[in-house]
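This is start.csv. It holds CSV, C-alpha atoms.
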```csv
chain,number,residue,atom,x,y,z
A,4,MET,CA,37.2,64.7,176.7
A,5,LEU,CA,40.2,62.7,178.1
A,6,LYS,CA,40.6,60.3,175.2
A,7,GLY,CA,44.2,59.4,174.8
A,8,VAL,CA,45.0,60.0,178.5
A,9,ARG,CA,46.3,56.9,180.3
A,10,VAL,CA,45.8,56.5,184.1
A,11,VAL,CA,47.5,53.9,186.2
A,12,GLU,CA,45.7,53.4,189.5
A,13,ILE,CA,47.4,51.6,192.3
A,14,GLY,CA,44.5,51.8,194.6
A,15,ALA,CA,42.0,50.0,196.8
A,16,PHE,CA,38.7,50.7,198.6
A,17,ILE,CA,37.4,54.2,197.8
A,18,THR,CA,39.6,57.3,197.4
A,19,ALA,CA,41.8,56.4,194.5
A,20,PRO,CA,39.3,54.1,192.8
A,21,LEU,CA,36.7,56.9,192.8
A,22,ALA,CA,39.1,59.5,191.5
A,23,SER,CA,40.3,57.2,188.6
A,24,MET,CA,36.7,56.2,187.8
A,25,MET,CA,35.8,59.9,187.4
A,26,LEU,CA,38.7,60.3,185.0
A,27,GLY,CA,37.5,57.1,183.2
A,28,ASP,CA,34.0,58.6,182.9
A,29,LEU,CA,35.6,61.5,181.0
A,30,GLY,CA,37.2,59.1,178.5
A,31,ALA,CA,40.6,58.3,180.1
A,32,ASP,CA,42.1,54.8,179.7
A,33,VAL,CA,42.3,53.6,183.3
A,34,ILE,CA,44.4,50.6,184.2
A,35,LYS,CA,43.8,49.3,187.6
A,36,VAL,CA,46.8,47.6,189.1
A,37,GLU,CA,45.6,44.9,191.6
A,38,ARG,CA,47.6,42.6,193.9
A,39,PRO,CA,47.0,38.9,193.3
A,40,GLU,CA,44.1,38.8,195.9
A,41,GLY,CA,42.5,41.9,194.3
A,42,ASP,CA,41.1,45.1,195.7
A,43,PRO,CA,39.8,44.2,199.1
A,44,PHE,CA,36.5,45.9,198.2
A,45,ARG,CA,35.9,43.0,195.7
A,46,ARG,CA,35.1,40.8,198.7
A,47,ALA,CA,33.0,43.2,200.7
A,48,ARG,CA,30.0,40.9,200.2
A,49,GLY,CA,31.9,37.6,200.0
A,50,ASP,CA,32.6,37.2,196.3
A,51,LEU,CA,35.0,39.0,193.9
A,52,TYR,CA,32.4,41.4,192.3
A,53,SER,CA,30.7,43.0,195.3
A,54,PRO,CA,28.4,46.1,195.0
A,55,ASN,CA,31.0,48.1,196.8
A,56,PHE,CA,33.6,47.3,194.1
A,57,VAL,CA,31.1,47.8,191.2
A,58,ALA,CA,30.2,51.3,192.5
A,59,LEU,CA,33.7,52.6,192.1
A,60,ASN,CA,35.4,50.7,189.2
A,61,ARG,CA,33.6,51.1,185.9
A,62,ASN,CA,35.5,52.2,182.8
A,63,LYS,CA,38.7,50.5,183.9
A,64,ARG,CA,40.9,47.6,182.9
A,65,SER,CA,42.4,45.3,185.5
A,66,ILE,CA,45.9,43.8,185.6
A,67,VAL,CA,47.2,41.7,188.4
A,68,LEU,CA,50.7,42.5,189.5
A,69,ASP,CA,52.7,41.3,192.5
A,70,LEU,CA,54.9,44.3,193.3
A,71,GLY,CA,57.2,42.1,195.3
A,72,SER,CA,58.1,40.4,192.0
A,73,GLY,CA,60.9,41.9,189.9
A,74,LYS,CA,59.2,40.9,186.7
A,75,ASP,CA,55.9,42.5,187.7
A,76,LYS,CA,57.6,45.6,189.0
A,77,ALA,CA,59.3,45.9,185.6
A,78,THR,CA,55.8,45.6,184.0
A,79,LEU,CA,54.5,48.4,186.2
A,80,LEU,CA,57.4,50.6,185.4
A,81,ALA,CA,56.9,50.1,181.7
A,82,LEU,CA,53.2,51.0,182.2
A,83,ILE,CA,54.1,54.2,184.1
A,84,ASP,CA,56.7,55.2,181.5
A,85,LYS,CA,53.9,55.2,178.9
A,86,SER,CA,51.2,56.8,181.1
A,87,ASP,CA,50.0,60.3,181.9
A,88,ILE,CA,48.8,59.9,185.4
A,89,LEU,CA,49.7,57.7,188.3
A,90,LEU,CA,47.3,57.6,191.2
A,91,ASP,CA,47.8,55.7,194.4
A,92,ASN,CA,46.3,55.6,197.9
A,93,LEU,CA,48.9,53.4,199.5
A,94,ARG,CA,50.1,54.2,203.0
A,95,LEU,CA,52.9,56.8,203.3
A,96,GLY,CA,56.2,55.4,202.0
A,97,ALA,CA,54.7,52.2,200.5
A,98,LEU,CA,55.8,53.0,196.9
A,99,THR,CA,59.4,53.6,198.1
A,100,LYS,CA,59.3,50.3,199.9
A,101,TYR,CA,58.5,48.6,196.6
A,102,GLY,CA,61.4,50.4,194.9
A,103,LEU,CA,59.1,53.0,193.2
A,104,ASP,CA,60.4,56.2,194.7
A,105,PRO,CA,58.3,59.1,193.4
A,106,ARG,CA,61.5,61.1,192.4
A,107,HIS,CA,62.7,58.1,190.4
A,108,LEU,CA,59.3,57.8,188.6
A,109,ALA,CA,59.4,61.5,187.8
A,110,SER,CA,62.9,61.3,186.4
A,111,ARG,CA,61.8,58.4,184.1
A,112,ASN,CA,58.7,60.2,182.9
A,113,PRO,CA,59.0,64.0,183.4
A,114,ARG,CA,55.5,64.5,182.0
A,115,LEU,CA,54.0,62.1,184.7
A,116,ILE,CA,51.3,63.5,186.9
A,117,HIS,CA,51.6,61.5,190.1
A,118,CYS,CA,48.8,61.9,192.7
A,119,SER,CA,49.2,60.2,196.1
A,120,ILE,CA,46.3,60.1,198.5
A,121,THR,CA,47.1,59.6,202.2
A,122,GLY,CA,45.2,59.8,205.4
A,123,PHE,CA,47.0,62.7,207.1
A,124,GLY,CA,49.7,63.9,204.8
A,125,ALA,CA,53.5,63.5,204.7
A,126,VAL,CA,54.3,65.4,207.9
A,127,GLY,CA,52.9,65.6,211.5
A,128,PRO,CA,52.5,63.1,214.3
A,129,TYR,CA,49.7,61.0,212.5
A,130,ARG,CA,51.4,60.6,209.2
A,131,GLY,CA,52.1,56.9,209.6
A,132,ARG,CA,48.7,55.9,211.0
A,133,PRO,CA,46.1,53.8,209.1
A,134,VAL,CA,42.9,55.6,208.3
A,135,PHE,CA,39.4,54.9,207.0
A,136,ASP,CA,36.3,57.0,206.5
A,137,ALA,CA,35.1,57.1,210.1
A,138,VAL,CA,38.5,58.3,211.2
A,139,GLY,CA,38.5,61.1,208.7
A,140,GLN,CA,35.0,62.2,209.6
A,141,ALA,CA,35.8,62.2,213.3
A,142,LEU,CA,39.0,64.1,213.2
A,143,SER,CA,37.9,66.7,210.7
A,144,GLY,CA,34.8,67.7,212.6
A,145,ILE,CA,32.3,66.2,210.2
A,146,SER,CA,31.0,63.7,212.8
A,147,SER,CA,30.2,66.5,215.3
A,148,LEU,CA,27.8,67.9,212.7
A,149,THR,CA,25.9,64.6,212.2
A,150,LEU,CA,26.1,62.6,215.5
A,151,ASP,CA,23.7,62.8,218.4
A,152,PRO,CA,26.2,63.1,221.3
A,153,ASN,CA,23.6,61.6,223.7
A,154,ALA,CA,23.2,58.5,221.5
A,155,PRO,CA,26.3,58.2,219.3
A,156,MET,CA,26.1,55.7,216.5
A,157,SER,CA,28.0,55.5,213.3
A,158,SER,CA,25.7,55.7,210.3
A,159,GLY,CA,25.2,57.1,206.8
A,160,PRO,CA,27.3,57.0,203.7
A,161,THR,CA,31.1,57.5,203.3
A,162,ILE,CA,31.9,61.2,203.2
A,163,SER,CA,35.6,61.7,203.9
A,164,ASP,CA,36.5,58.9,201.4
A,165,ASP,CA,34.3,60.3,198.7
A,166,VAL,CA,35.3,64.0,199.0
A,167,THR,CA,39.0,63.0,199.1
A,168,GLY,CA,38.7,61.2,195.8
A,169,MET,CA,36.9,64.1,194.3
A,170,TYR,CA,39.6,66.6,195.4
A,171,ALA,CA,42.2,64.2,194.0
A,172,CYS,CA,40.4,64.2,190.6
A,173,PHE,CA,40.1,68.0,190.8
A,174,ALA,CA,43.9,68.3,191.4
A,175,ILE,CA,44.7,65.9,188.5
A,176,LEU,CA,42.6,67.8,186.0
A,177,GLY,CA,44.3,71.1,187.0
A,178,ALA,CA,47.7,69.4,186.6
A,179,LEU,CA,46.7,68.1,183.2
A,180,TYR,CA,45.8,71.6,182.1
A,181,ASP,CA,49.0,73.0,183.4
A,182,ARG,CA,51.0,70.3,181.6
A,183,GLU,CA,49.4,71.4,178.3
A,184,ARG,CA,51.0,74.8,178.8
A,185,THR,CA,54.4,73.8,180.3
A,186,GLY,CA,55.0,70.2,179.2
A,187,ARG,CA,55.9,69.4,182.8
A,188,GLY,CA,54.3,66.9,185.1
A,189,HIS,CA,53.6,67.4,188.8
A,190,ARG,CA,53.6,65.5,192.0
A,191,LEU,CA,50.3,66.0,193.8
A,192,GLU,CA,49.4,65.1,197.4
A,193,VAL,CA,45.9,65.0,198.8
A,194,ASN,CA,45.1,63.8,202.3
A,195,MET,CA,41.8,62.8,203.8
A,196,LEU,CA,42.0,65.0,206.8
A,197,GLU,CA,42.4,68.3,204.9
A,198,ALA,CA,40.0,67.2,202.2
A,199,SER,CA,37.3,66.5,204.8
A,200,MET,CA,37.9,69.9,206.5
A,201,ALA,CA,37.8,71.7,203.2
A,202,PHE,CA,34.4,70.0,202.5
A,203,ILE,CA,32.8,71.7,205.6
A,204,GLN,CA,34.2,75.2,205.0
A,205,GLY,CA,31.0,76.8,206.4
A,206,ALA,CA,31.4,75.1,209.8
A,207,PHE,CA,34.9,76.4,210.2
A,208,ALA,CA,33.9,79.9,209.0
A,209,HIS,CA,31.2,80.1,211.8
A,210,PHE,CA,33.9,79.4,214.3
A,211,MET,CA,36.8,81.4,212.8
A,212,GLN,CA,34.7,84.5,212.1
A,213,ARG,CA,32.1,84.4,215.0
A,214,GLY,CA,33.5,82.1,217.6
A,215,VAL,CA,30.5,79.8,217.2
A,216,ILE,CA,31.1,76.0,217.4
A,217,PRO,CA,28.5,74.5,215.1
A,218,ASP,CA,26.5,71.4,216.1
A,219,ARG,CA,24.3,69.1,214.0
A,220,PHE,CA,21.5,71.7,213.9
A,221,THR,CA,23.5,74.8,213.1
A,222,ARG,CA,23.4,74.4,209.3
A,223,ALA,CA,19.7,73.4,209.4
A,224,ALA,CA,18.8,76.4,211.4
A,225,THR,CA,20.8,78.9,209.3
A,226,SER,CA,19.5,77.5,206.0
A,227,GLN,CA,16.0,76.9,207.4
A,228,SER,CA,15.8,73.3,206.4
A,229,TYR,CA,13.3,70.9,207.9
A,230,VAL,CA,12.2,67.3,207.8
A,231,PHE,CA,8.5,66.6,208.8
A,232,ARG,CA,6.5,63.5,209.3
A,233,CYS,CA,3.1,63.5,207.6
A,234,ALA,CA,-0.2,61.9,208.5
A,235,ASP,CA,0.7,58.7,206.6
A,236,ARG,CA,4.0,58.5,208.5
A,237,LYS,CA,6.0,59.4,205.4
A,238,LEU,CA,8.8,62.0,205.6
A,239,LEU,CA,9.0,65.3,203.7
A,240,ALA,CA,11.9,67.7,203.4
A,241,VAL,CA,11.4,71.5,203.1
A,242,HIS,CA,14.2,74.0,202.6
A,243,LEU,CA,13.4,77.7,202.8
A,244,SER,CA,17.0,79.3,202.7
A,245,THR,CA,17.6,82.8,203.9
A,246,GLY,CA,15.0,84.9,202.0
A,247,GLU,CA,11.4,85.8,202.8
A,248,VAL,CA,9.6,84.6,199.7
A,249,PHE,CA,9.6,80.9,200.5
A,250,TRP,CA,8.9,81.5,204.2
A,251,LYS,CA,5.8,83.6,203.4
A,252,SER,CA,4.5,81.1,200.8
A,253,LEU,CA,4.9,78.2,203.3
A,254,VAL,CA,3.1,79.7,206.3
A,255,THR,CA,0.4,81.7,204.4
A,256,THR,CA,-0.4,79.5,201.4
A,257,VAL,CA,0.7,76.0,202.3
A,258,LEU,CA,0.1,75.8,206.0
A,259,GLU,CA,-2.5,78.6,206.1
A,260,ALA,CA,-1.0,79.5,209.5
A,261,ALA,CA,-1.4,83.3,209.8
A,262,GLU,CA,-0.4,83.1,213.5
A,263,LEU,CA,3.1,81.9,212.5
A,264,ALA,CA,3.4,84.7,209.9
A,265,THR,CA,2.6,87.3,212.5
A,266,ASP,CA,4.6,85.8,215.4
A,267,ALA,CA,7.4,88.2,216.4
A,268,ARG,CA,9.7,85.3,217.1
A,269,PHE,CA,9.7,84.4,213.4
A,270,ALA,CA,9.5,87.9,211.9
A,271,SER,CA,12.9,87.7,210.2
A,272,HIS,CA,15.4,85.1,209.0
A,273,LEU,CA,17.7,85.8,212.0
A,274,GLN,CA,14.7,85.4,214.4
A,275,ARG,CA,13.8,82.2,212.7
A,276,VAL,CA,17.3,80.9,213.1
A,277,LYS,CA,17.3,81.9,216.8
A,278,HIS,CA,14.0,80.2,217.5
A,279,TYR,CA,14.6,77.3,215.1
A,280,PRO,CA,13.6,74.4,217.6
A,281,VAL,CA,10.4,76.2,218.5
A,282,LEU,CA,9.4,76.9,214.9
A,283,ARG,CA,10.4,73.4,213.8
A,284,ASP,CA,8.1,71.8,216.5
A,285,LEU,CA,5.2,74.1,215.7
A,286,MET,CA,5.3,73.3,212.0
A,287,ALA,CA,5.8,69.6,212.7
A,288,THR,CA,2.5,69.5,214.5
A,289,ARG,CA,0.8,71.0,211.5
A,290,PHE,CA,2.4,68.7,209.0
A,291,LEU,CA,0.8,65.7,210.8
A,292,ALA,CA,-2.6,66.9,209.6
A,293,ARG,CA,-2.2,65.8,205.9
A,294,THR,CA,-0.6,63.0,203.9
A,295,ARG,CA,2.7,63.5,202.2
A,296,SER,CA,1.2,63.5,198.7
A,297,ASP,CA,-1.3,66.2,199.9
A,298,TRP,CA,1.5,68.4,201.2
A,299,MET,CA,3.6,67.8,198.0
A,300,LEU,CA,0.8,69.1,195.9
A,301,ARG,CA,0.3,72.2,198.0
A,302,LEU,CA,4.1,72.9,198.2
A,303,GLU,CA,4.5,72.5,194.4
A,304,GLN,CA,1.6,74.9,193.7
A,305,ALA,CA,3.1,77.4,196.1
A,306,ASP,CA,6.6,77.0,194.5
A,307,VAL,CA,8.3,76.1,197.9
A,308,PRO,CA,11.4,73.9,197.7
A,309,PHE,CA,10.6,70.4,198.9
A,310,ALA,CA,11.2,66.7,198.3
A,311,PRO,CA,10.0,63.4,199.7
A,312,VAL,CA,12.6,61.7,201.8
A,313,TYR,CA,13.3,58.6,199.8
A,314,GLN,CA,15.0,55.3,200.3
A,315,VAL,CA,17.4,54.4,197.5
A,316,ASP,CA,14.8,52.1,195.7
A,317,GLU,CA,12.3,55.0,195.7
A,318,ALA,CA,14.9,57.4,194.4
A,319,LEU,CA,15.6,55.2,191.4
A,320,ALA,CA,11.9,55.2,190.5
A,321,ASP,CA,11.3,58.9,190.8
A,322,PRO,CA,10.1,60.5,187.5
A,323,GLN,CA,12.9,63.1,187.5
A,324,VAL,CA,15.6,60.5,187.9
A,325,LEU,CA,14.0,58.5,185.1
A,326,ALA,CA,13.8,61.5,182.8
A,327,ASN,CA,17.5,62.3,183.5
A,328,GLY,CA,18.6,58.8,182.6
A,329,THR,CA,20.6,58.6,185.8
A,330,VAL,CA,21.0,54.8,185.8
A,331,CYS,CA,23.7,53.4,183.6
A,332,GLU,CA,23.4,49.8,182.4
A,333,LEU,CA,26.5,48.0,181.3
A,334,ILE,CA,27.0,44.4,180.1
A,335,HIS,CA,30.0,42.4,181.4
A,336,PRO,CA,31.1,39.4,179.4
A,337,THR,CA,31.0,37.1,182.3
A,338,GLU,CA,29.0,38.9,185.0
A,339,GLY,CA,26.1,39.9,182.8
A,340,ARG,CA,24.0,43.1,183.4
A,341,VAL,CA,25.6,45.7,185.7
A,342,ARG,CA,23.6,48.7,186.7
A,343,THR,CA,25.2,51.7,188.3
A,344,ILE,CA,24.8,55.5,188.6
A,345,HIS,CA,26.0,57.6,185.7
A,346,SER,CA,28.5,60.4,186.1
A,347,PRO,CA,26.4,63.5,186.8
A,348,VAL,CA,28.3,65.6,184.2
A,349,LEU,CA,26.8,66.5,180.9
A,350,VAL,CA,28.9,68.0,178.1
A,351,ASP,CA,27.0,70.0,175.4
A,352,GLY,CA,23.8,68.4,176.7
A,353,LYS,CA,25.1,64.8,176.5
A,354,ARG,CA,27.0,62.3,178.6
A,355,PRO,CA,30.7,62.5,177.8
A,356,GLU,CA,31.4,60.1,175.0
A,357,SER,CA,33.6,57.3,176.2
A,358,ASP,CA,34.1,53.5,175.8
A,359,MET,CA,31.8,52.6,178.8
A,360,ARG,CA,33.1,49.5,180.5
A,361,ALA,CA,31.5,47.4,183.2
A,362,PRO,CA,33.8,47.1,186.3
A,363,PRO,CA,36.4,44.4,185.5
A,364,THR,CA,36.9,41.0,187.0
A,365,LEU,CA,40.2,40.4,188.7
A,366,GLY,CA,43.0,40.5,186.1
A,367,GLU,CA,40.5,40.5,183.3
A,368,HIS,CA,42.8,42.6,181.0
A,369,SER,CA,46.2,41.3,182.3
A,370,GLU,CA,47.1,39.6,179.0
A,371,GLU,CA,46.1,42.4,176.7
A,372,ILE,CA,47.9,45.0,178.8
A,373,ARG,CA,51.1,43.0,178.9
A,374,ALA,CA,50.9,42.4,175.2
A,375,ALA,CA,50.5,46.1,174.6
A,376,ILE,CA,53.6,46.9,176.6
A,377,GLY,CA,55.6,44.4,174.6
A,378,ASN,CA,59.3,44.1,175.1
A,379,SER,CA,59.6,47.4,177.0
A,380,ALA,CA,58.8,45.7,180.4
A,381,ALA,CA,61.6,43.2,179.9
A,382,SER,CA,64.1,45.9,179.3
A,383,THR,CA,62.9,48.2,182.2
A,384,THR,CA,65.1,48.6,185.2
```

Could you render the structure as structure tokens?
Amino acid sequence: MLKGVRVVEIGAFITAPLASMMLGDLGADVIKVERPEGDPFRRARGDLYSPNFVALNRNKRSIVLDLGSGKDKATLLALIDKSDILLDNLRLGALTKYGLDPRHLASRNPRLIHCSITGFGAVGPYRGRPVFDAVGQALSGISSLTLDPNAPMSSGPTISDDVTGMYACFAILGALYDRERTGRGHRLEVNMLEASMAFIQGAFAHFMQRGVIPDRFTRAATSQSYVFRCADRKLLAVHLSTGEVFWKSLVTTVLEAAELATDARFASHLQRVKHYPVLRDLMATRFLARTRSDWMLRLEQADVPFAPVYQVDEALADPQVLANGTVCELIHPTEGRVRTIHSPVLVDGKRPESDMRAPPTLGEHSEEIRAAIGNSAASTT
């Protein structure tokens, strides 16, 4: 889909690498520019090919450039001159410090789409601060929807980093489409704070429309979602949403609990939201009576939305995951077999056709990229 589109990524950790990997999954030629010591995520587990790095860097070529070197800066400029997209997640002003002012880059390549990812944006009192995922989650309000305030502990996957990378990819694709019509590139800016807040629109709508400050149970109560422990100690998720059909099937057919179906406290969706903690506890007691596999059979027969709560190893072995072909297996010339999760996008019923590459080793493609640039780097100023 993006064959012939060249992306230069000056990125590290998650946001920019994720955005460029998504473009690479659609067929773009992604060149990852790394400093001599490499993307810090390479060393997240002690070597230069950590799981953290592998997860975010397939379908890329790696070139090592020292932006403090005039020769390497010329190489980068030559690359940018011949590229469609420049993507960076450097701290605000870092490109200008290296002599790569965004206005200068745009004047050299008017078709360039340049997307910069920052923590807080180019204005405001926090614009110069460093930021990582936990900061984005905390400041945006996401953490207030997941943490237990009485026993606060950081946990779970990255959220702010991931959604910021996705919003950056979304912006780049829109700019590419616009360039097809106008022939003109764009300067795009995406910051983690706003991306994180945009990701939880529902929470802000509750406050801005109703004056309700959501907590970690607000969404669960509104959507009527639950997690229950079963007789074998295994966990099971059930999600009823706002209608009546799944509620009635659950209490009458699955639980065979007529007393819940006729209880005035649970007579409507709004009543079930209001009395969510009471209803949750009453149903939790009943779910302890059978094993998870027993409940899963009953829930499936009753057509109620459910799923076992899996650990990642269990998720990989699920028959639906196997049927979808979710796991992607790539072979690296020196690192051997590399398994990762496919892009979830199908085009005309198939994975997008692209030259699938295992995540690169540090500087793996430096020579071939330099050779392709040829003499243009030497003449670049």

| query | What's the 12 Å shell around Gln204 of chain A, counting all atoms listed in the file, without same-chain residues fewer than 4 positions away, as a ChimeraX atom specification? | reply | /A:143-145,197-200,208-212,217,222

| Non-local contacts of Ser23 of chain A (9 Å; all atoms listed in the file; under 2 positions in same chain excluded) as a VMD selection string | chain A and resid 10 to 12 18 to 21 25 to 28 31 33 to 35 59 to 60 63 90 168 172

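Computed from the coordinates, the atom CA of Leu176 of chain A to atom CA of Ile88 of chain A distance equals 10.1 Å.
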
| query | Pick the closest to Thr337 of chain A from A:Val126, A:Ser86, A:Tyr52, A:Thr121: which is it, counting all atoms listed in the file? | reply | A:Tyr52

Who sits within 10 Å of Ile162 of chain A, all atoms listed in the file, same chain under 6 positions skipped, as a PDB file with C-alpha atoms, in the coordinates of the input:
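Saved the output as around14.pdb:
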```pdb
ATOM      1  CA  ASP A 136      36.300  57.000 206.500  1.00  0.00           C
ATOM      2  CA  ALA A 137      35.100  57.100 210.100  1.00  0.00           C
ATOM      3  CA  GLY A 139      38.500  61.100 208.700  1.00  0.00           C
ATOM      4  CA  GLN A 140      35.000  62.200 209.600  1.00  0.00           C
ATOM      5  CA  ILE A 145      32.300  66.200 210.200  1.00  0.00           C
ATOM      6  CA  SER A 146      31.000  63.700 212.800  1.00  0.00           C
ATOM      7  CA  SER A 199      37.300  66.500 204.800  1.00  0.00           C
ATOM      8  CA  PHE A 202      34.400  70.000 202.500  1.00  0.00           C
TER       9      PHE A 202
END
```

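Among the candidates A:Arg9, A:Arg283, A:Arg61, A:Arg130, the one nearest to Leu196 of chain A when counting only C-alpha atoms is A:Arg130.
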
| task | Extract, using all atoms listed in the file, all DNA, RNA and protein residues at most 12 Å from segment 340-352 of chain A, discarding same-chain residues fewer than 4 positions from it, and format them as a PyMOL selection string. | result | chain A and resi 4+21-22+24-30+52-62+315+318-319+324-325+327-336+356-357+359-363

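With all atoms listed in the file as the atoms that count, the residue of A:Ala77, A:Leu179, A:Leu291, A:Met195 with the shortest distance to Arg232 of chain A is A:Leu291.
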
| query | Got a sec: who's within 12 Å of Ala97 of chain A, counting all atoms listed in the file, leaving out chain neighbours fewer than 3 positions off, as a VMD selection string? | reply | chain A and resid 13 to 14 70 to 71 91 to 94 100 to 105 119 to 121 131

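Reported to one decimal place, the separation of atom CA of Val241 of chain A from atom CA of Ala310 of chain A is 6.8 Å.
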
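For the choices A:Arg373, A:Arg45, A:Arg236, A:Lys353, the atom-to-atom distance to Val312 of chain A is smallest for A:Arg236 when using only C-alpha atoms.
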
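Of note, atom CA of Val67 of chain A and atom CA of Ser369 of chain A are spaced 6.2 Å apart.
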